[in-house]
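Structure file final.txt (compact mmCIF, C-alpha atoms) is printed below.
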```txt
# COMPACT_ATOMS: atom_id res chain seq x y z
CA MET F 1429 -24.93 -5.58 3.00
CA ALA F 1430 -21.93 -4.28 1.02
CA SER F 1431 -22.00 -3.50 -2.67
CA THR F 1432 -19.18 -2.53 -5.01
CA VAL F 1433 -19.76 -0.12 -7.86
CA LYS F 1434 -17.42 1.81 -10.11
CA GLY F 1435 -17.09 5.54 -9.79
CA VAL F 1436 -14.86 8.53 -10.46
CA TYR F 1437 -13.44 11.07 -8.03
CA ARG F 1438 -13.17 14.58 -9.51
CA ASN F 1439 -12.99 18.02 -7.95
CA GLY F 1440 -13.67 16.72 -4.46
CA GLN F 1441 -16.75 14.72 -5.43
CA VAL F 1442 -17.41 11.04 -6.06
CA GLU F 1443 -19.62 10.25 -9.05
CA LEU F 1444 -20.93 6.70 -9.28
CA LEU F 1445 -20.80 5.20 -12.76
CA GLN F 1446 -23.20 2.40 -11.78
CA LYS F 1447 -26.31 2.39 -9.62
CA PRO F 1448 -26.13 -0.07 -6.72
CA GLU F 1449 -29.01 -2.53 -6.96
CA GLY F 1450 -31.60 -2.33 -4.21
CA VAL F 1451 -30.06 0.72 -2.50
CA GLU F 1452 -31.85 4.07 -2.35
CA ASP F 1453 -29.81 5.74 0.43
CA GLY F 1454 -26.88 4.56 2.46
CA ASP F 1455 -23.56 5.27 4.05
CA VAL F 1456 -20.41 4.70 2.01
CA GLU F 1457 -16.74 4.06 2.52
CA VAL F 1458 -14.59 5.05 -0.43
CA THR F 1459 -11.37 3.30 -1.38
CA LEU F 1460 -9.55 4.98 -4.24
CA SER F 1461 -7.60 2.89 -6.73
CA ASN F 1462 -5.40 3.91 -9.61
CA LEU F 1463 -6.56 1.15 -11.96
CA HIS F 1464 -7.84 3.62 -14.55
CA ARG F 1465 -4.61 5.60 -14.52
CA ASP F 1466 -2.49 2.44 -14.88
CA ARG F 1467 -4.65 1.16 -17.71
CA ASP F 1468 -4.30 4.43 -19.61
CA ASP F 1469 -0.57 4.62 -19.06
CA ARG F 1470 0.55 2.01 -21.60
CA ARG F 1471 4.20 2.92 -21.24
CA SER F 1472 4.02 2.39 -17.49
CA SER F 1473 2.50 -1.09 -17.90
CA ASP F 1474 5.15 -2.00 -20.50
CA ASP F 1475 7.86 -0.86 -18.09
CA ARG F 1476 6.37 -2.96 -15.27
CA ARG F 1477 6.18 -5.96 -17.58
CA GLN F 1478 9.84 -5.56 -18.57
CA ARG F 1479 10.90 -5.23 -14.91
CA ALA F 1480 8.93 -8.37 -14.04
CA ARG F 1481 10.61 -10.32 -16.84
CA GLN F 1482 14.03 -9.11 -15.71
CA TRP F 1483 13.25 -10.09 -12.12
CA LEU F 1484 12.23 -13.59 -13.26
CA ARG F 1485 15.37 -13.99 -15.38
CA GLU F 1486 17.65 -12.87 -12.55
CA GLY F 1487 15.96 -15.39 -10.27
CA GLY F 1488 16.87 -18.25 -12.61
CA TRP F 1489 13.49 -18.69 -14.30
CA ARG F 1490 13.81 -19.97 -17.87
CA LEU F 1491 11.42 -17.98 -20.04
CA GLY F 1492 12.01 -19.77 -23.30
CA GLY F 1493 14.30 -18.95 -26.14
CA ALA F 1494 17.54 -20.55 -27.27
CA PRO F 1495 19.17 -22.96 -26.69
CA TYR F 1496 16.37 -25.28 -27.73
CA PRO F 1497 16.62 -29.02 -26.96
CA THR F 1498 17.36 -31.34 -29.83
CA ARG F 1499 14.87 -33.95 -31.02
CA ASP F 1500 16.85 -36.69 -29.26
CA GLU F 1501 16.88 -34.73 -26.01
CA LEU F 1502 13.12 -34.31 -26.16
CA HIS F 1503 12.56 -38.03 -26.74
CA ASP F 1504 14.99 -38.95 -23.94
CA ARG F 1505 12.87 -36.90 -21.52
CA THR F 1506 9.77 -39.01 -22.17
CA ARG F 1507 11.37 -42.42 -21.62
```

Go ahead and express the file in the form of structure tokens.
Amino acid sequence: MASTVKGVYRNGQVELLQKPEGVEDGDVEVTLSNLHRDRDDRRSSDDRRQRARQWLREGGWRLGGAPYPTRDELHDRTR
């Protein structure tokens, strides 16, 4: 049975931050992710968000903002 727990890799060692339930000993496969690094790098996430918005705009996605429809245009849409 597979379990997923959080951990940290430092100085060539993996330290588990949680204890897997019902497991005393066992083999492991480690997949490293950079979620912690991305979360700490606020500037990087802001840059990715800006690039995503730009990509959406260039693809023709309307993301709000002017020009706003008039009251008559809104009511015409519901008829």

How far is it from CA of Glu1486 (chain F) to CA of His1503 (chain F), in Å with one decimal?
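That distance, rounded to one decimal, is 29.3 Å.
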
With distances taken over only C-alpha atoms, which residue among F:Gly1440, F:Arg1476, F:Ser1431, F:Gly1487 lies nearest Gly1454 (chain F)?
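Closest to Gly1454 (chain F), using only C-alpha atoms: F:Ser1431.
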
Taking 2 positions as the minimum chain separation for residues in the same chain, which residues sit within 12 Å of Val1436 (chain F) when counting all atoms listed in the file? Answer as a list in words.
Val1433, Lys1434, Arg1438, Asn1439, Gly1440, Gln1441, Val1442, Glu1443, Leu1444, Leu1445, Gln1446, Val1458, Thr1459, Leu1460, Ser1461, Asn1462, Leu1463, His1464 and Arg1465 of chain F

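Across the model, the gap from CA of Arg1477 (chain F) to CA of Trp1489 (chain F) is 15.0 Å.
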
What is the CA of Trp1483 (chain F)-CA of Pro1497 (chain F) distance in Å, reported with one decimal?
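Computing it gives 24.3 Å between the two atoms.
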